[in-house]
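Asker: Below is entry12.cif; it holds mmCIF, C-alpha atoms and all ligand atoms.
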data_structure
loop_
_atom_site.label_atom_id
_atom_site.label_comp_id
_atom_site.auth_asym_id
_atom_site.auth_seq_id
_atom_site.Cartn_x
_atom_site.Cartn_y
_atom_site.Cartn_z
CA MET A 1 -3.95 9.84 -27.16
CA GLN A 2 -0.77 11.71 -26.35
CA CYS A 3 1.98 9.61 -24.72
CA LEU A 4 4.98 10.59 -22.63
CA ASP A 5 8.15 8.79 -21.59
CA ILE A 6 8.56 8.24 -17.87
CA ARG A 7 11.30 6.88 -15.67
CA VAL A 8 10.27 5.47 -12.35
CA ILE A 9 11.76 3.22 -9.71
CA VAL A 10 9.23 0.59 -8.72
CA ASP A 11 10.07 -1.54 -5.70
CA GLY A 12 13.75 -0.79 -6.21
CA LYS A 13 13.78 -1.55 -9.93
CA ALA A 14 14.36 1.24 -12.47
CA LEU A 15 11.80 1.24 -15.28
CA THR A 16 11.29 3.36 -18.35
CA ALA A 17 8.00 3.36 -20.21
CA THR A 18 5.98 5.28 -22.73
CA VAL A 19 2.53 5.82 -21.27
CA PRO A 20 -0.68 7.56 -22.31
CA VAL A 21 -0.92 10.83 -20.42
CA ARG A 22 -4.25 9.76 -18.90
CA LEU A 23 -3.09 6.33 -17.70
CA LEU A 24 -3.66 5.92 -13.97
CA LEU A 25 -0.67 5.11 -11.80
CA SER A 26 -2.57 2.10 -10.43
CA ASP A 27 -3.11 0.72 -13.94
CA PHE A 28 0.50 1.39 -14.90
CA LEU A 29 1.77 -0.42 -11.82
CA ARG A 30 -0.47 -3.43 -12.29
CA GLU A 31 -0.35 -3.77 -16.05
CA GLN A 32 3.07 -2.50 -17.06
CA ALA A 33 5.24 -2.69 -13.95
CA GLY A 34 4.15 -6.18 -12.90
CA CYS A 35 2.82 -5.17 -9.49
CA GLY A 36 0.15 -7.83 -9.18
CA GLY A 37 0.03 -7.36 -5.41
CA LEU A 38 -1.43 -3.89 -5.81
CA HIS A 39 -5.21 -4.06 -5.56
CA VAL A 40 -7.73 -1.65 -7.03
CA ALA A 41 -11.21 -1.66 -5.53
CA CYS A 42 -13.23 1.57 -5.60
CA GLY A 43 -11.04 3.22 -8.21
CA HIS A 44 -11.80 6.72 -6.96
CA GLY A 45 -9.78 7.36 -3.82
CA VAL A 46 -12.17 6.16 -1.14
CA CYS A 47 -11.15 2.68 0.03
CA GLY A 48 -7.36 2.79 0.34
CA ALA A 49 -6.85 -0.62 -1.30
CA CYS A 50 -4.45 0.84 -3.87
CA THR A 51 -2.19 2.65 -1.37
CA VAL A 52 1.48 2.80 -2.37
CA VAL A 53 4.34 4.96 -1.16
CA LEU A 54 5.50 7.61 -3.62
CA ASP A 55 8.79 9.23 -2.64
CA ASP A 56 8.16 8.33 1.01
CA VAL A 57 4.56 9.55 1.07
CA PRO A 58 1.56 7.17 1.13
CA VAL A 59 -0.74 7.92 -1.80
CA ARG A 60 -3.71 6.38 -3.57
CA ALA A 61 -2.44 5.08 -6.87
CA CYS A 62 -5.92 5.30 -8.40
CA LEU A 63 -5.93 9.08 -7.92
CA LEU A 64 -2.63 9.75 -9.68
CA LEU A 65 -1.54 9.56 -13.26
CA ALA A 66 1.45 7.45 -14.21
CA VAL A 67 3.14 10.55 -15.65
CA GLN A 68 2.99 12.16 -12.19
CA ALA A 69 5.35 9.45 -10.94
CA ASP A 70 8.02 10.37 -13.49
CA GLY A 71 11.36 10.61 -11.67
CA ALA A 72 9.93 9.18 -8.44
CA ALA A 73 10.33 6.00 -6.43
CA VAL A 74 7.24 3.91 -5.81
CA GLN A 75 6.95 1.24 -3.14
CA THR A 76 4.13 -1.29 -3.25
CA ILE A 77 3.36 -4.24 -1.02
CA ALA A 78 6.46 -5.92 -2.51
CA SER A 79 8.53 -3.37 -0.57
CA LEU A 80 6.90 -4.12 2.76
CA PRO A 81 10.15 -5.42 4.34
CA GLN A 82 11.86 -2.13 3.44
CA LEU A 83 8.89 -0.12 4.71
CA GLU A 84 8.96 -2.04 7.99
CA GLY A 85 12.77 -1.97 8.09
CA CYS A 86 13.18 -5.68 8.71
CA GLU A 87 13.92 -8.99 7.08
CA PRO A 88 10.87 -11.24 6.66
CA GLU A 89 10.79 -14.35 8.79
CA ARG A 90 9.60 -17.41 6.88
CA GLY A 91 8.45 -15.02 4.13
CA LEU A 92 6.36 -12.73 6.33
CA THR A 93 7.15 -9.37 7.91
CA PRO A 94 6.13 -8.71 11.54
CA LEU A 95 3.01 -6.88 10.36
CA GLN A 96 2.03 -9.74 8.06
CA GLN A 97 2.65 -12.25 10.84
CA SER A 98 0.47 -10.21 13.16
CA PHE A 99 -2.32 -9.94 10.58
CA ARG A 100 -2.18 -13.73 10.22
CA ARG A 101 -2.06 -14.35 13.98
CA TYR A 102 -5.05 -12.08 14.67
CA HIS A 103 -7.07 -13.11 11.59
CA ALA A 104 -7.05 -9.51 10.41
CA LEU A 105 -8.13 -10.39 6.89
CA GLN A 106 -10.69 -12.48 5.14
CA CYS A 107 -10.86 -11.89 1.39
CA GLY A 108 -7.61 -9.93 1.59
CA TYR A 109 -8.65 -7.35 -0.96
CA CYS A 110 -7.95 -4.39 1.31
CA THR A 111 -4.85 -5.97 2.83
CA PRO A 112 -1.92 -4.86 0.60
CA GLY A 113 -2.86 -1.19 0.78
CA LEU A 114 -3.59 -1.48 4.47
CA LEU A 115 -0.23 -3.10 5.19
CA VAL A 116 1.67 -0.50 3.17
CA ALA A 117 -0.16 2.37 4.87
CA THR A 118 0.21 0.82 8.32
CA ALA A 119 3.94 0.25 7.87
CA LYS A 120 4.37 3.95 7.07
CA PHE A 121 2.02 4.91 9.90
CA LEU A 122 4.00 2.90 12.47
CA ALA A 123 7.30 4.21 11.12
CA GLY A 124 6.15 7.73 11.96
CA CYS A 125 4.15 6.85 15.07
CA PRO A 126 5.66 3.69 16.63
CA SER A 127 3.45 3.59 19.76
CA PRO A 128 -0.02 4.75 18.69
CA ASP A 129 -2.91 4.56 21.14
CA ARG A 130 -6.28 3.11 20.12
CA ALA A 131 -7.62 6.52 19.06
CA ARG A 132 -4.65 7.15 16.80
CA ILE A 133 -5.01 3.70 15.22
CA LEU A 134 -8.70 4.35 14.56
CA GLU A 135 -7.82 7.67 12.98
CA HIS A 136 -5.28 5.88 10.76
CA LEU A 137 -7.89 3.31 9.72
CA ASN A 138 -10.35 6.03 8.73
CA GLY A 139 -9.00 5.96 5.22
CA HIS A 140 -9.17 2.19 4.75
CA LEU A 141 -12.36 0.33 4.02
CA CYS A 142 -12.54 -3.37 4.82
CA ARG A 143 -15.73 -5.07 3.81
CA CYS A 144 -15.21 -8.31 5.69
CA SER A 145 -13.02 -8.23 8.78
CA GLY A 146 -15.09 -5.96 11.04
CA TYR A 147 -11.90 -4.01 11.95
CA ALA A 148 -11.55 -5.42 15.49
CA ASN A 149 -8.93 -7.94 14.41
CA ILE A 150 -7.09 -5.38 12.29
CA ILE A 151 -6.87 -3.10 15.34
CA ALA A 152 -5.64 -6.00 17.47
CA ALA A 153 -2.99 -6.90 14.89
CA ILE A 154 -1.69 -3.34 14.77
CA GLU A 155 -1.69 -3.01 18.55
CA ALA A 156 0.33 -6.22 18.81
CA VAL A 157 3.20 -4.85 16.71
CA ARG A 158 3.37 -1.29 18.04
CA ALA A 159 6.45 -0.48 20.07
S1 LIG B 201 -8.89 1.72 -5.31
FE1 LIG B 201 -7.79 3.50 -4.87
S2 LIG B 201 -8.70 4.26 -3.07
FE2 LIG B 201 -9.97 2.59 -3.64
S1 LIG B 202 -10.43 -8.54 4.23
FE1 LIG B 202 -11.96 -8.37 2.67
S2 LIG B 202 -12.05 -6.24 2.29
FE2 LIG B 202 -10.72 -6.40 3.99
#
As C-alpha cells - that is how I would like this structure written.

Answerer:
Amino acid sequence: MQCLDIRVIVDGKALTATVPVRLLLSDFLREQAGCGGLHVACGHGVCGACTVVLDDVPVRACLLLAVQADGAAVQTIASLPQLEGCEPERGLTPLQQSFRRYHALQCGYCTPGLLVATAKFLAGCPSPDRARILEHLNGHLCRCSGYANIIAAIEAVRA
C-alpha cells in the first residue's frame, strides 16, 4: 500500500511518521502516537467515543485518515486541561471532577470522547440550558450511564 510522510502535533508533541494512505487517524493516534486514552467503539462515526480536536474543531478520529491530519494539531483526552483552560486539581480537571462527583460514567468507554467534546462545547457555550446540553449529547452514545448523571455533571460545571 502507498505510504506518505506526515507531520502532526499530538497533544503538544511534534511527530513525524510514514503512514499507509488508508490508515485511520484513530488507529494512528492509538498505535503510533501513543494515545491510549483515545477509545474506538463503533468505528464508523456514530458513537463519538473517538472524538478528538483537530485544529480547534471536534472531529471523529475514526472517520478521518491519518494523512488528513498532516500539518495539523490534534488534541486528545490528554489535552483536557488545555481544552478546559485550567490546571488539574489532584490530577483531575473540573469536568473530570464533576463526572466523578455525579457518577457520570460506568464502564468509561464513551468518557474520553465525551469529555473532549464537552470541553469544546462549554468553551463555545459556557452557560448552556438543558435543551442545548441534550443537543450536544445527541452525538455521543453511552451504553451504561443512562445520561441523567452526565447531564447533571455538565450542568454542575457550566458558568
Ligand atoms: S468510534 Fe468513532 S464515532 Fe464511534
Ligand atoms: S459509561 Fe459505559 S458507555 Fe458510557

Asker: Ranking A:Phe99, A:Phe121, A:Phe28, A:Tyr109 by minimum distance to Asn149 of chain A and counting all atoms listed in the file, which one comes first?

Answerer: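 Once distances to Asn149 of chain A are computed over all atoms listed in the file, the minimum belongs to A:Phe99.
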
Asker: Please provide the set of residues having any atom within 6 Å of segment 124-141 of chain A, restricted to only C-alpha atoms, with same-chain residues fewer than 3 positions apart removed, written as a PyMOL selection string.

Answerer: chain A and resi 47-48+121+158-159

Asker: Produce a file of the selected residues containing C-alpha atoms, as a short mmCIF file (atom, residue, chain, number, x, y, z; two decimals), keeping the file's coordinate frame.

Answerer:
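In the end it all went to result.cif:
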data_model
loop_
_atom_site.label_atom_id
_atom_site.label_comp_id
_atom_site.auth_asym_id
_atom_site.auth_seq_id
_atom_site.Cartn_x
_atom_site.Cartn_y
_atom_site.Cartn_z
CA CYS A 47 -11.15 2.68 0.03
CA GLY A 48 -7.36 2.79 0.34
CA PHE A 121 2.02 4.91 9.90
CA ARG A 158 3.37 -1.29 18.04
CA ALA A 159 6.45 -0.48 20.07
#

Asker: Rank A:Leu54, A:Cys107, A:Val46, A:Ala78 by their smallest atom-to-atom distance to ligand LIG 201 (chain B), using all atoms listed in the file, and report the top residue only.

Answerer: A:Val46

Asker: Produce as a PyMOL selection string the set of residues near ligand LIG 201 (chain B), where near means within 8 Å with all atoms listed in the file considered.

Answerer: chain A and resi 26+39-51+60-63

Asker: Contacts between ligand LIG 202 (chain B) and chain A, please, where a residue of chain A counts if it comes within 9 Å (with only C-alpha atoms and all ligand atoms); show its shortest atom pair and distance in Å to one decimal, rows by chain and ascending number, as a Markdown table.

Answerer:
| residue | atom | partner | partner_atom | distance |
| --- | --- | --- | --- | --- |
| A:Ala49 | CA | B:LIG202 | S2 | 8.5 |
| A:Ala104 | CA | B:LIG202 | S1 | 7.1 |
| A:Leu105 | CA | B:LIG202 | S1 | 4.0 |
| A:Gln106 | CA | B:LIG202 | S1 | 4.1 |
| A:Cys107 | CA | B:LIG202 | FE1 | 3.9 |
| A:Gly108 | CA | B:LIG202 | S1 | 4.1 |
| A:Tyr109 | CA | B:LIG202 | S2 | 4.8 |
| A:Cys110 | CA | B:LIG202 | FE2 | 4.3 |
| A:Thr111 | CA | B:LIG202 | FE2 | 6.0 |
| A:Leu114 | CA | B:LIG202 | FE2 | 8.7 |
| A:His140 | CA | B:LIG202 | FE2 | 8.8 |
| A:Leu141 | CA | B:LIG202 | S2 | 6.8 |
| A:Cys142 | CA | B:LIG202 | FE2 | 3.6 |
| A:Arg143 | CA | B:LIG202 | S2 | 4.1 |
| A:Cys144 | CA | B:LIG202 | FE1 | 4.4 |
| A:Ser145 | CA | B:LIG202 | S1 | 5.2 |
| A:Gly146 | CA | B:LIG202 | FE2 | 8.3 |
| A:Tyr147 | CA | B:LIG202 | FE2 | 8.4 |

Asker: State, in Å with one decimal place, the distance from atom CA of Leu24 of chain A to atom CA of Ala66 of chain A.

Answerer: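 Those two atoms sit 5.3 Å apart.
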
Asker: Any idea what the distance is between atom CA of Ala33 of chain A and atom CA of Val59 of chain A?

Answerer: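 One can read the atom CA of Ala33 of chain A to atom CA of Val59 of chain A distance as 17.2 Å.
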
Asker: Which one of A:Leu23, A:Ala73, A:Pro58, A:Gly36 sits closest to Asp11 of chain A if you count all atoms listed in the file?

Answerer: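 Of A:Leu23, A:Ala73, A:Pro58, A:Gly36, the one nearest Asp11 of chain A is A:Ala73, counting all atoms listed in the file.
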
Asker: What is the distance, in Å and to one decimal place, between atom CA of Leu95 of chain A and atom CA of Asp56 of chain A?

Answerer: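 These atoms are spaced 18.6 Å apart.
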
Asker: Neighbouring residues of Gln2 of chain A were defined as those with any atom within 12 Å, considering all atoms listed in the file; residues of the same chain fewer than 6 positions away were excluded. Please report them as a list in words.

Answerer: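 Near Gln2 of chain A, the qualifying residues are Thr18, Val19, Pro20, Val21, Arg22, Leu23 and Val67 of chain A.
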
Asker: Could you model N, CA and C atoms for segment 45-59 of chain A and present them as a short mmCIF file (atom, residue, chain, number, x, y, z; two decimals), in the coordinates of the input?

Answerer:
data_model
loop_
_atom_site.label_atom_id
_atom_site.label_comp_id
_atom_site.auth_asym_id
_atom_site.auth_seq_id
_atom_site.Cartn_x
_atom_site.Cartn_y
_atom_site.Cartn_z
N GLY A 45 -10.41 6.70 -4.96
CA GLY A 45 -9.78 7.36 -3.82
C GLY A 45 -10.44 7.17 -2.48
N VAL A 46 -11.42 6.28 -2.39
CA VAL A 46 -12.17 6.16 -1.14
C VAL A 46 -11.67 5.04 -0.23
N CYS A 47 -11.32 3.89 -0.80
CA CYS A 47 -11.15 2.68 0.03
C CYS A 47 -9.73 2.45 0.54
N GLY A 48 -8.73 2.98 -0.11
CA GLY A 48 -7.36 2.79 0.34
C GLY A 48 -6.70 1.51 -0.13
N ALA A 49 -7.42 0.67 -0.88
CA ALA A 49 -6.85 -0.62 -1.30
C ALA A 49 -5.60 -0.44 -2.17
N CYS A 50 -5.54 0.65 -2.91
CA CYS A 50 -4.45 0.84 -3.87
C CYS A 50 -3.28 1.64 -3.29
N THR A 51 -3.22 1.79 -1.98
CA THR A 51 -2.19 2.65 -1.37
C THR A 51 -0.78 2.15 -1.69
N VAL A 52 0.04 3.05 -2.16
CA VAL A 52 1.48 2.80 -2.37
C VAL A 52 2.22 3.99 -1.76
N VAL A 53 3.53 3.86 -1.67
CA VAL A 53 4.34 4.96 -1.16
C VAL A 53 5.08 5.58 -2.33
N LEU A 54 4.87 6.87 -2.53
CA LEU A 54 5.50 7.61 -3.62
C LEU A 54 6.48 8.60 -3.01
N ASP A 55 7.76 8.36 -3.24
CA ASP A 55 8.79 9.23 -2.64
C ASP A 55 8.52 9.46 -1.15
N ASP A 56 8.30 8.34 -0.45
CA ASP A 56 8.16 8.33 1.01
C ASP A 56 6.81 8.81 1.54
N VAL A 57 5.87 9.07 0.64
CA VAL A 57 4.56 9.55 1.07
C VAL A 57 3.49 8.55 0.63
N PRO A 58 2.64 8.08 1.56
CA PRO A 58 1.56 7.17 1.13
C PRO A 58 0.56 7.92 0.24
N VAL A 59 0.21 7.29 -0.86
CA VAL A 59 -0.74 7.92 -1.80
C VAL A 59 -1.68 6.84 -2.33
#
